[in-house]
Amino acid sequence: MVELKSCPFCGGKAVVKTSSNSVDHCGLFSQLHSVSCSKCGATTSKTYKSEFRRDIDGFHVIHDGYEEAATDWNRRATE
């Protein structure tokens with residue numbers, strides 16, 4: 001799991017918010033993620049979708065939107 005950097009605007013603690021769990025008719029599970037600052041409320045400009053499929057061996061990640069959201073949050077213009 002990617003560790004979140006502090007907020008680039010105020011230095012506050014960043015948190016990943018996960019919402020909108022859903023399952024389609026083919027057994028594909030999805031979640032939406034965004035990152036925001038718990039102090040000033042700054043947030044990522046988009047949401048990121050994770051997708052999982054379940055079979056007899058358990059859950060398999062198809063796309064990791066959680067990590068994508070954290071990576072985008074951690075990206076700084078000066079780096």
# chains A, B, ... in the order shown; residues from 1 in each chain; ligands from 1
>>> residues_around(residues="Thr44 (chain A)", least_positions_apart="4", cutoff="12 Å", atoms="only C-alpha atoms", output="list of chain:residue names")
A:Cys7, A:Pro8, A:Ala14, A:Val15, A:Val16, A:Lys17, A:His33, A:Ser34, A:Val35, A:Ser36, A:Cys37, A:Tyr48, A:Glu68, A:Ala69, A:Ala70, A:Thr71, A:Asp72, A:Trp73, A:Asn74, A:Arg75
>>> residues_around(residues="region 57-60 of chain A", least_positions_apart="4", cutoff="10 Å", atoms="only C-alpha atoms", output="list in words")
Leu28, Phe29, Glu51, Phe52 and Arg53 of chain A
>>> write_last_selection(atoms="C-alpha atoms", output="mmCIF file, in the first residue's frame")
data_model
loop_
_atom_site.group_PDB
_atom_site.id
_atom_site.type_symbol
_atom_site.label_atom_id
_atom_site.label_comp_id
_atom_site.auth_asym_id
_atom_site.auth_seq_id
_atom_site.Cartn_x
_atom_site.Cartn_y
_atom_site.Cartn_z
ATOM 1 C CA LEU A 28 -17.158 -7.729 -11.139
ATOM 2 C CA PHE A 29 -16.824 -5.719 -7.919
ATOM 3 C CA GLU A 51 -12.081 -3.451 -9.959
ATOM 4 C CA PHE A 52 -11.980 -6.980 -8.536
ATOM 5 C CA ARG A 53 -13.245 -10.315 -9.760
#
>>> atom_distance(atom1="CA of Glu67 (chain A)", atom2="CA of Lys46 (chain A)")
13.7 Å
>>> atom_distance(atom1="CA of Thr18 (chain A)", atom2="CA of Met1 (chain A)")
14.5 Å
>>> select_by_dssp(residues="chain A", states="alpha helix (DSSP H)", output="list of chain:residue names")
A:Gly65, A:Tyr66, A:Glu67, A:Glu68, A:Ala69, A:Ala70, A:Thr71, A:Asp72, A:Trp73, A:Asn74
>>> closest_residue(among="A:Arg54, A:Cys10, A:Ser45, A:Val2", to="Gly27 (chain A)", atoms="only C-alpha atoms")
A:Arg54
>>> closest_residue(among="A:Ile62, A:Ile56, A:Phe9, A:Cys26", to="Lys39 (chain A)", atoms="only C-alpha atoms")
A:Phe9
>>> atom_distance(atom1="CA of Ser22 (chain A)", atom2="CA of Thr47 (chain A)")
14.8 Å
>>> closest_residue(among="A:Ser6, A:Ser20, A:Ser50, A:Thr43", to="Asp64 (chain A)", atoms="only C-alpha atoms")
A:Ser50
>>> select_by_dssp(residues="chain A", states="strand (DSSP E)", output="PyMOL selection string")
chain A and resi 14-23+28-37+48-55+58-63
>>> closest_residue(among="A:Ser19, A:Gly12, A:His25, A:Val61", to="Ala42 (chain A)", atoms="only C-alpha atoms")
A:Gly12
